[in-house]
Each structure stands twice: as C-alpha cells, then as structure tokens.
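Chemist: model.txt is reproduced in full below (compact mmCIF, C-alpha atoms and all ligand atoms).
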```txt
# COMPACT_ATOMS: atom_id res chain seq x y z
CA MET A 1 103.38 123.78 111.71
CA PRO A 2 100.43 121.41 111.94
CA ILE A 3 97.27 123.32 112.68
CA TYR A 4 95.16 122.44 115.69
CA LEU A 5 91.48 123.16 115.09
CA LYS A 6 88.44 123.49 117.30
CA LYS A 7 85.25 121.64 116.35
CA GLU A 8 83.61 124.65 114.63
CA GLU A 9 86.81 125.30 112.69
CA VAL A 10 86.89 121.65 111.66
CA GLU A 11 83.36 121.97 110.31
CA SER A 12 84.16 125.02 108.21
CA THR A 13 87.48 123.59 106.97
CA VAL A 14 85.72 120.38 105.94
CA HIS A 15 83.03 122.38 104.18
CA LYS A 16 85.62 124.35 102.19
CA ALA A 17 87.58 121.20 101.32
CA ILE A 18 84.47 119.49 99.97
CA LEU A 19 83.53 122.57 97.90
CA SER A 20 87.02 122.73 96.42
CA LYS A 21 87.01 118.95 95.82
CA ARG A 22 90.15 118.33 97.87
CA SER A 23 90.47 114.74 99.07
CA MET A 24 90.66 114.10 102.80
CA GLY A 25 92.12 111.25 104.82
CA LEU A 26 91.46 110.65 108.52
CA VAL A 27 93.70 108.83 111.00
CA PRO A 28 91.85 108.34 114.30
CA THR A 29 94.19 107.88 117.28
CA MET A 30 94.26 108.10 121.04
CA GLY A 31 97.62 109.87 120.97
CA SER A 32 100.97 108.98 122.55
CA LEU A 33 101.99 108.57 118.97
CA HIS A 34 104.63 106.07 117.84
CA HIS A 35 105.90 104.82 114.49
CA GLY A 36 102.82 102.62 114.04
CA HIS A 37 100.59 105.71 114.07
CA LEU A 38 103.10 107.60 111.94
CA SER A 39 103.00 104.89 109.26
CA LEU A 40 99.24 105.46 108.94
CA ILE A 41 99.73 109.24 108.80
CA GLU A 42 102.44 108.90 106.15
CA LYS A 43 100.22 106.69 104.01
CA ALA A 44 97.33 109.14 104.36
CA ASN A 45 99.72 111.93 103.47
CA LYS A 46 100.62 110.24 100.18
CA GLU A 47 97.01 109.56 99.23
CA ASN A 48 95.14 112.76 100.16
CA ASP A 49 95.22 116.53 99.77
CA ILE A 50 94.37 117.03 103.44
CA VAL A 51 95.19 114.71 106.34
CA TRP A 52 93.27 114.83 109.60
CA VAL A 53 94.76 113.25 112.69
CA SER A 54 92.37 113.01 115.59
CA ILE A 55 93.81 112.58 119.06
CA PHE A 56 91.17 111.67 121.62
CA ILE A 57 91.23 109.23 124.50
CA ASN A 58 87.69 108.00 124.12
CA PRO A 59 86.13 107.25 127.53
CA THR A 60 83.27 105.12 126.20
CA GLN A 61 85.61 102.39 124.94
CA PHE A 62 87.20 101.78 128.35
CA ASN A 63 85.41 99.33 130.62
CA ASP A 64 88.07 99.73 133.31
CA PRO A 65 88.28 103.24 134.84
CA ASN A 66 91.87 102.59 136.00
CA ASP A 67 92.90 101.71 132.46
CA LEU A 68 91.34 104.97 131.25
CA SER A 69 92.90 107.16 133.94
CA ARG A 70 96.40 105.87 133.37
CA TYR A 71 96.26 105.76 129.56
CA PRO A 72 99.38 107.69 128.44
CA LYS A 73 98.95 111.32 127.37
CA ASN A 74 101.65 113.20 125.45
CA LEU A 75 99.87 115.89 123.46
CA GLU A 76 102.83 118.28 123.12
CA LYS A 77 105.14 115.48 122.03
CA ASP A 78 102.48 114.24 119.58
CA TYR A 79 102.23 117.69 117.97
CA GLY A 80 106.01 117.71 117.60
CA LEU A 81 106.10 114.30 115.92
CA ILE A 82 103.35 115.20 113.46
CA LYS A 83 105.08 118.50 112.70
CA ASN A 84 108.06 116.54 111.44
CA ILE A 85 105.98 114.71 108.85
CA CYS A 86 104.19 117.37 106.90
CA GLU A 87 102.58 120.75 106.96
CA LYS A 88 99.27 119.82 105.38
CA ILE A 89 98.22 117.80 108.41
CA LYS A 90 95.41 119.09 110.56
CA ILE A 91 95.04 117.95 114.14
CA PHE A 92 91.75 117.56 115.93
CA SER A 93 92.36 116.91 119.63
CA PRO A 94 88.97 117.72 121.12
CA ASN A 95 87.95 117.66 124.73
CA GLU A 96 85.20 115.32 125.95
CA LYS A 97 82.54 118.04 125.80
CA GLU A 98 83.23 118.82 122.14
CA ILE A 99 82.62 115.19 121.29
CA TYR A 100 79.93 114.07 123.74
CA GLY A 101 78.32 117.18 125.21
CA LYS A 102 77.56 116.87 128.93
CA THR A 103 77.90 113.12 129.41
CA PRO A 104 79.77 110.58 127.29
CA THR A 105 77.12 108.17 125.98
CA LEU A 106 77.63 104.88 124.28
CA GLN A 107 75.79 103.96 121.11
CA LYS A 108 74.93 100.24 120.86
CA TYR A 109 75.22 98.44 117.54
CA ASP A 110 74.35 95.01 116.23
CA PHE A 111 77.73 93.73 115.07
CA LYS A 112 76.54 90.15 114.62
CA LYS A 113 78.61 88.85 117.52
CA ILE A 114 82.03 89.95 116.25
CA ASP A 115 82.10 92.50 119.08
CA VAL A 116 81.72 89.92 121.83
CA GLU A 117 84.56 87.60 120.79
CA LEU A 118 88.26 87.94 121.67
CA GLU A 119 88.85 91.52 122.92
CA GLY A 120 85.10 91.98 123.31
CA LYS A 121 84.93 89.06 125.75
CA HIS A 122 87.44 90.76 128.03
CA ARG A 123 86.43 94.39 127.50
CA LYS A 124 82.66 94.67 127.72
CA ASN A 125 81.21 97.24 125.29
CA HIS A 126 84.68 98.19 124.09
CA PHE A 127 83.70 97.94 120.43
CA ASN A 128 80.43 99.82 120.87
CA GLY A 129 82.59 102.60 122.32
CA VAL A 130 85.06 102.42 119.42
CA ALA A 131 82.22 102.51 116.90
CA THR A 132 80.56 105.43 118.72
CA ILE A 133 83.64 107.64 118.44
CA VAL A 134 84.57 106.58 114.90
CA SER A 135 81.01 107.25 113.74
CA LYS A 136 81.17 110.75 115.28
CA LEU A 137 84.54 111.48 113.65
CA LEU A 138 83.45 110.21 110.24
CA THR A 139 80.27 112.30 110.41
CA LEU A 140 82.20 115.42 111.38
CA ILE A 141 85.19 115.13 109.05
CA LYS A 142 83.60 113.28 106.11
CA PRO A 143 86.94 111.89 104.88
CA ASN A 144 87.29 110.02 101.59
CA LYS A 145 89.59 107.53 103.30
CA VAL A 146 90.01 106.44 106.90
CA TYR A 147 93.13 104.61 108.08
CA PHE A 148 93.39 101.82 110.66
CA GLY A 149 96.14 99.45 111.77
CA GLU A 150 96.02 95.69 111.29
CA LYS A 151 97.39 95.37 114.82
CA ASP A 152 93.81 95.96 115.98
CA TYR A 153 92.37 93.57 113.41
CA GLN A 154 89.10 92.98 115.26
CA GLN A 155 88.62 96.76 115.34
CA THR A 156 89.00 96.91 111.54
CA GLN A 157 86.21 94.32 111.17
CA ILE A 158 83.99 96.34 113.50
CA ILE A 159 84.59 99.53 111.50
CA LYS A 160 83.87 97.67 108.26
CA LYS A 161 80.49 96.66 109.73
CA LEU A 162 79.86 100.16 111.11
CA ILE A 163 80.46 101.70 107.66
CA CYS A 164 77.87 99.28 106.20
CA LEU A 165 75.35 99.72 109.03
CA GLU A 166 75.44 103.51 108.85
CA ASN A 167 75.90 103.58 105.09
CA ILE A 168 78.92 105.90 105.37
CA ASN A 169 80.65 106.92 102.17
CA VAL A 170 84.28 106.26 103.08
CA ASN A 171 87.03 103.93 101.98
CA MET A 172 88.75 102.08 104.84
CA ILE A 173 92.49 101.48 104.42
CA ILE A 174 94.14 98.85 106.62
CA CYS A 175 97.87 99.32 107.22
CA PRO A 176 100.39 96.65 108.30
CA THR A 177 101.56 96.34 111.90
CA VAL A 178 104.79 98.18 112.68
CA ARG A 179 107.02 96.25 115.09
CA GLU A 180 110.09 96.68 117.20
CA LYS A 181 113.20 94.80 116.04
CA ASN A 182 112.33 91.88 118.34
CA GLY A 183 108.84 91.58 116.80
CA LEU A 184 106.85 93.29 119.56
CA ALA A 185 104.03 95.28 117.96
CA LEU A 186 104.41 98.99 118.70
CA SER A 187 101.79 100.27 121.13
CA SER A 188 101.31 103.34 123.29
CA ARG A 189 101.15 100.91 126.22
CA ASN A 190 104.68 99.58 125.57
CA ASN A 191 106.10 102.58 127.45
CA PHE A 192 104.81 101.02 130.65
CA LEU A 193 107.03 97.94 130.19
CA SER A 194 110.34 97.53 131.98
CA ASN A 195 113.34 96.87 129.70
CA ILE A 196 113.38 93.22 130.77
CA ASP A 197 109.66 92.74 130.12
CA ARG A 198 109.96 94.53 126.80
CA GLY A 199 112.74 92.16 125.75
CA ASN A 200 110.77 89.10 126.92
CA SER A 201 107.72 90.31 124.98
CA SER A 202 109.36 89.09 121.78
CA ILE A 203 107.80 85.72 122.71
CA ILE A 204 104.39 87.05 121.62
CA TYR A 205 105.16 87.51 117.93
CA LYS A 206 107.39 84.39 117.95
CA SER A 207 104.42 82.39 119.24
CA LEU A 208 102.12 83.74 116.54
CA ASN A 209 104.68 82.76 113.91
CA LEU A 210 105.00 79.30 115.44
CA LEU A 211 101.24 78.83 115.04
CA LYS A 212 101.47 80.10 111.47
CA SER A 213 104.24 77.73 110.43
CA ASN A 214 102.44 74.76 112.00
CA PHE A 215 98.92 75.73 111.02
CA ILE A 216 98.23 73.11 108.38
CA ASN A 217 99.86 69.96 109.72
CA SER A 218 99.91 70.20 113.48
CA ASN A 219 97.70 69.28 116.33
CA LEU A 220 96.71 72.86 116.98
CA LYS A 221 95.07 72.20 120.34
CA SER A 222 98.23 70.88 121.95
CA LEU A 223 100.47 73.41 120.21
CA ARG A 224 98.26 76.23 121.52
CA LYS A 225 98.39 74.76 125.02
CA ASN A 226 102.18 74.47 124.92
CA ILE A 227 102.55 78.03 123.71
CA ILE A 228 100.33 79.33 126.51
CA ASN A 229 102.37 77.37 129.06
CA ASP A 230 105.65 78.71 127.68
CA ILE A 231 104.46 82.31 127.80
CA ASN A 232 103.02 81.93 131.31
CA LYS A 233 106.40 80.59 132.50
CA LYS A 234 107.93 84.03 131.90
CA LYS A 235 108.00 86.22 135.00
CA ASN A 236 105.12 88.78 135.00
CA PHE A 237 103.50 87.23 131.89
CA LYS A 238 99.93 85.88 131.78
CA VAL A 239 98.09 84.91 128.61
CA GLU A 240 94.57 86.38 128.67
CA TYR A 241 93.62 84.60 125.46
CA LEU A 242 95.19 82.88 122.48
CA GLU A 243 92.63 81.89 119.86
CA ILE A 244 92.47 80.82 116.26
CA ALA A 245 89.44 82.41 114.67
CA ASN A 246 87.78 82.77 111.29
CA ALA A 247 89.18 86.05 109.92
CA GLU A 248 85.78 87.21 108.72
CA THR A 249 83.35 86.16 111.45
CA LEU A 250 85.93 86.07 114.27
CA GLN A 251 84.18 82.93 115.53
CA ILE A 252 86.27 80.08 116.83
CA ASP A 253 85.32 77.32 114.38
CA GLU A 254 85.40 73.74 115.67
CA LYS A 255 86.85 72.55 112.37
CA ILE A 256 89.19 74.47 110.07
CA ASN A 257 87.62 75.09 106.66
CA PRO A 258 90.52 75.27 104.16
CA LYS A 259 88.49 77.62 101.97
CA LYS A 260 88.34 80.27 104.73
CA GLN A 261 91.04 82.53 106.14
CA TYR A 262 92.08 82.16 109.75
CA ARG A 263 93.96 84.37 112.16
CA ALA A 264 95.57 83.81 115.51
CA PHE A 265 94.76 86.44 118.14
CA ILE A 266 96.64 86.89 121.36
CA CYS A 267 96.44 89.06 124.44
CA VAL A 268 99.12 88.83 127.12
CA ARG A 269 99.13 90.73 130.37
CA VAL A 270 102.65 91.73 131.33
CA ASN A 271 102.26 92.97 134.87
CA GLU A 272 99.13 95.03 134.31
CA VAL A 273 99.94 96.01 130.71
CA ARG A 274 97.72 94.35 128.09
CA LEU A 275 99.58 93.56 124.87
CA ILE A 276 97.58 92.38 121.86
CA ASP A 277 98.67 91.07 118.49
CA ASN A 278 97.43 88.87 115.65
CA ILE A 279 98.64 87.11 112.52
CA LEU A 280 97.14 85.71 109.34
CA LEU A 281 97.63 81.93 109.39
CA ASN A 282 96.78 80.80 105.86
P1 LIG B 1 95.36 103.87 119.06
O1 LIG B 1 95.94 105.22 119.29
O2 LIG B 1 96.02 102.79 119.85
O3 LIG B 1 93.86 103.87 119.17
O4 LIG B 1 95.67 103.51 117.54
C1 LIG B 1 95.29 104.35 116.49
C2 LIG B 1 95.48 103.61 115.19
O5 LIG B 1 96.84 103.24 115.02
C3 LIG B 1 94.64 102.31 115.13
O6 LIG B 1 94.10 102.16 113.84
C4 LIG B 1 95.68 101.26 115.42
O7 LIG B 1 95.38 99.99 114.87
C5 LIG B 1 96.91 101.85 114.74
N1 LIG B 1 98.13 101.26 115.31
C6 LIG B 1 98.44 101.13 116.62
N2 LIG B 1 99.61 100.47 116.76
C7 LIG B 1 100.03 100.17 115.51
C8 LIG B 1 101.17 99.48 114.98
N3 LIG B 1 102.11 98.96 115.76
N4 LIG B 1 101.27 99.34 113.64
C9 LIG B 1 100.32 99.85 112.82
N5 LIG B 1 99.23 100.51 113.26
C10 LIG B 1 99.08 100.67 114.58
```
Go ahead and render the structure in this file as structure tokens.

Modeler:
Amino acid sequence: MPIYLKKEEVESTVHKAILSKRSMGLVPTMGSLHHGHLSLIEKANKENDIVWVSIFINPTQFNDPNDLSRYPKNLEKDYGLIKNICEKIKIFSPNEKEIYGKTPTLQKYDFKKIDVELEGKHRKNHFNGVATIVSKLLTLIKPNKVYFGEKDYQQTQIIKKLICLENINVNMIICPTVREKNGLALSSRNNFLSNIDRGNSSIIYKSLNLLKSNFINSNLKSLRKNIINDINKKKNFKVEYLEIANAETLQIDEKINPKKQYRAFICVRVNEVRLIDNILLN
C-alpha cells in the first residue's frame, strides 16, 4: 500500500531519510494520473530509495477560475494506480491550507522573460504559480532528484531557473513525453475530449513533425500559416499559438541561428480543452 502522509509526517519522514542517507525522488503532479505521470514515477522508483508523489491542484497557477474548478480530480483512482507500481512510494496530497495557510499567495520571480512567452502569454502568472508550489514542495521534501515531463517543456525551463534563483540543491530529471498511439500527448485534460475530437487531435503531433522535417529547408512562415489553417479547419479546433522558439531563451528569434536549438510549441483549443505539445526541431 502506498502511504499517504500529512505535512508533519512528511517533515519527520524526510528528516529520518536524510539522517539515514536514503535518496529521495519527487514527482510533483496535479493528479488524475495517466501513463505520462506513471513514467516519471517509474523512473524515480528506479533511481531512488524513497519516491514522493505529490498530488495537489495548485490554485495559484490557474488564471481562469473555471479552468481550476473543473480540473479533473480522481484521488482514489490515483492511489490505486500508484499502488500498482511499488510499495516504497509515499503520497503527499495536501489540502490548500497545509500548503498556503489561510490564503493562497503567489510568489513573483524574475524569470528573464521566459515566463511571459508562449503559455505565459495566454495564462498570466501561470509560471509564478508553478514556481511557488514547486519551491514549497522542494523546501519541504528536500529530494535529491525532482522529475518533470518534457511535454511541459517551458515549465522545465522555469524550474531550472527557479533552482538557480533559490540555490536549491536538487537534480532535475526531464522525462520524454508519453503519447497515445495516434501521437496525442497524454494529459489529464484528454478525458474531456469526445472520441471524435480525440481522434482528430492526432493532427497536433503530426503538425509538429511536419515542422521538424521541413525545419532546415522550408519557408517556415508559410508552412506555419498552412498548418494553422489546416488545424483550424477541423470542427471544434482552434490554434491558440504555434511558435518556433529558441529552446533556451524561449524567445521567437527573427532569424534562425544554426548553432542554437529550436523547438516548436503548440496550443490548440478543442472545444474548451487546451492541448499543448512541443518538439525539438534541430
Ligand atoms: P500535471 O499533473 O499535468 O501537472 O503533470 C505532472 C508532471 O507530469 C509534469 O512534470 C508533466 O510535464 C508530466 N507529464 C504530464 N503529461 C505527460 C506526458 N504525456 N508524458 C510525460 N510527462 C507528462
């Protein structure tokens, strides 16, 4: 059975683990677990003596109250899924008070603009909220390694900066995106899609691959425009953004510098469900 711990119990368990020099890995999640999350947990399981999985829908990273209120919650199911992986896993699924006290408050950071591009442009303060909760979890659990998914690539760059800014002693491990057979990146939000929309969503990863295979030689501007048009032609689909950005700065460079790495980032709204994905281009 995985053990669910309250905040004080987490503190004492962490203390004992540090004294006995047992290594700890942390997988922060918002629950409604799927095989993407499980791949992170399995990796952490291989690399650490103790694995912490936090399950917390963090209010400060939602700019849209409707998005927050309808975010899927499946705590019992999540416990069951984790139970099937391993017994050494410890779950921390705190309530808001345990994390924030009376009122959830957002910490603001200077992320050198990477927080205001792409997702940050469409979700104001989202990354300050993400950094606030991750900082709290890292301070509480003090893991040796913390695991994140490449699906949220911009988030991984934010956490990298956060670790530097706060001088936190932790090793960040980035794990590959787990996808459905048709290429759609697994996400807790996928459960909101109808079967037809879910099938049509294969166009997202196909489009990213199209950009990748044409990255060097093509007229990217017109290719990007055509891709957006093709996606928008699908019923219920609307591209929120499709950008090619410097993988380190996340800025949209006017000219491609062949010495730098670039990624394509996409967000498509399918009905009201936001689907994001990204791919390394070179
Ligand atoms: P979330 O619960 O959506 O906040 O995600 C928790 C962690 O799981 C984050 O580090 C995500 O990047 C990661 N994750 C979510 N979906 C996937 C996926 N399809 N493949 C790999 N990692 C994922």

Chemist: Pick the closest to ligand LIG 1 (chain B) from A:Pro258, A:Pro176, A:Pro72, A:Gly199: which is it, counting all atoms listed in the file?

Modeler: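 Closest residue, counting all atoms listed in the file: A:Pro176.
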
Chemist: Show me which residues sit within 6 Å of ligand LIG 1 (chain B) when counting all atoms listed in the file, and put them as an MDAnalysis selection string.

Modeler: chainID A and resid 28:31 36:37 148:152 176:179 185:187

Chemist: With distances taken over only C-alpha atoms, which residue among A:Ala245, A:Leu223, A:Ile216, A:Val239 lies nearest Gln154 in chain A?

Modeler: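 Of all the options, A:Ala245 lies closest to Gln154 in chain A.
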
Chemist: Please return the centre and edge lengths, in Å to one decimal, of a box with edges along x, y and z that contains all listed atoms of range 258-275 of chain A, widened by 4 Å on every side, as JSON.

Modeler:
```
{"center_x": 95.5, "center_y": 85.6, "center_z": 118.4, "size_x": 22.3, "size_y": 28.7, "size_z": 40.9}
```

Chemist: What separation in Å, quoted to one decimal, exists between CA of Lys73 in chain A and CA of Ile133 in chain A?

Modeler: 18.1 Å

Chemist: Please compute the CA of Glu76 in chain A-CA of Val10 in chain A distance, one decimal, in Å.

Modeler: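 Pair CA of Glu76 in chain A / CA of Val10 in chain A returns 19.9 Å.
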
Chemist: Hey, can you check how far CA of Glu47 in chain A sits from CA of Asn144 in chain A?

Modeler: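 Separating CA of Glu47 in chain A from CA of Asn144 in chain A is a distance of 10.0 Å.
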
Chemist: Given the choices A:Gly183, A:Pro143, A:Pro94, A:Pro59, which gets closest to Asn125 in chain A if the distance is worked out from all atoms listed in the file?

Modeler: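 With all atoms listed in the file as the atom set, the closest residue is A:Pro59.
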
Chemist: Would you please work out which residue, of A:Asn219, A:Arg269, A:Lys212, A:Arg22, is nearest to Ile231 in chain A when using all atoms listed in the file?

Modeler: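 Among the listed residues, A:Arg269 lies closest to Ile231 in chain A.
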
Chemist: Go through A:Leu19, A:Leu250, A:Ile50, A:Ile174 and flag the residue nearest Lys112 in chain A, using only C-alpha atoms for the distances.

Modeler: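 Closest candidate: A:Leu250.
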
Chemist: I need the residue nearest Tyr71 in chain A from this list: A:Ile203, A:Asn191, A:Val268, A:Tyr109. Use only C-alpha atoms for the distance.

Modeler: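 Among A:Ile203, A:Asn191, A:Val268, A:Tyr109, it is A:Asn191 that comes nearest to Tyr71 in chain A.
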
Chemist: Please identify all polymer residues within 12 Å of Lys121 in chain A, counting only C-alpha atoms, omitting same-chain residues fewer than 2 positions from it, and present them as a PyMOL selection string.

Modeler: chain A and resi 63+113-119+123-127+154+240-241+250-251+267

Chemist: If I only have part of range 122-134 of chain A, can you fill in N, CA and C atoms and write it as a CSV table (one decimal), in the coordinates of the input?

Modeler:
```csv
chain,number,residue,atom,x,y,z
A,122,HIS,N,86.7,90.3,126.9
A,122,HIS,CA,87.4,90.8,128.0
A,122,HIS,C,87.2,92.2,128.3
A,123,ARG,N,86.7,92.9,127.3
A,123,ARG,CA,86.4,94.4,127.5
A,123,ARG,C,85.0,94.7,127.1
A,124,LYS,N,84.1,94.5,128.0
A,124,LYS,CA,82.7,94.7,127.7
A,124,LYS,C,82.4,96.0,127.1
A,125,ASN,N,81.6,96.0,126.0
A,125,ASN,CA,81.2,97.2,125.3
A,125,ASN,C,82.3,98.0,124.6
A,126,HIS,N,83.6,97.5,124.7
A,126,HIS,CA,84.7,98.2,124.1
A,126,HIS,C,84.4,98.6,122.6
A,127,PHE,N,83.9,97.6,121.9
A,127,PHE,CA,83.7,97.9,120.4
A,127,PHE,C,82.5,98.8,120.1
A,128,ASN,N,81.5,98.8,121.0
A,128,ASN,CA,80.4,99.8,120.9
A,128,ASN,C,81.0,101.2,121.1
A,129,GLY,N,81.9,101.3,122.0
A,129,GLY,CA,82.6,102.6,122.3
A,129,GLY,C,83.5,103.1,121.1
A,130,VAL,N,84.2,102.1,120.6
A,130,VAL,CA,85.1,102.4,119.4
A,130,VAL,C,84.2,102.9,118.3
A,131,ALA,N,83.1,102.2,118.0
A,131,ALA,CA,82.2,102.5,116.9
A,131,ALA,C,81.6,103.9,117.1
A,132,THR,N,81.2,104.1,118.4
A,132,THR,CA,80.6,105.4,118.7
A,132,THR,C,81.5,106.6,118.3
A,133,ILE,N,82.7,106.5,118.7
A,133,ILE,CA,83.6,107.6,118.4
A,133,ILE,C,84.0,107.7,117.0
A,134,VAL,N,84.2,106.5,116.3
A,134,VAL,CA,84.6,106.6,114.9
A,134,VAL,C,83.4,107.1,114.1
```
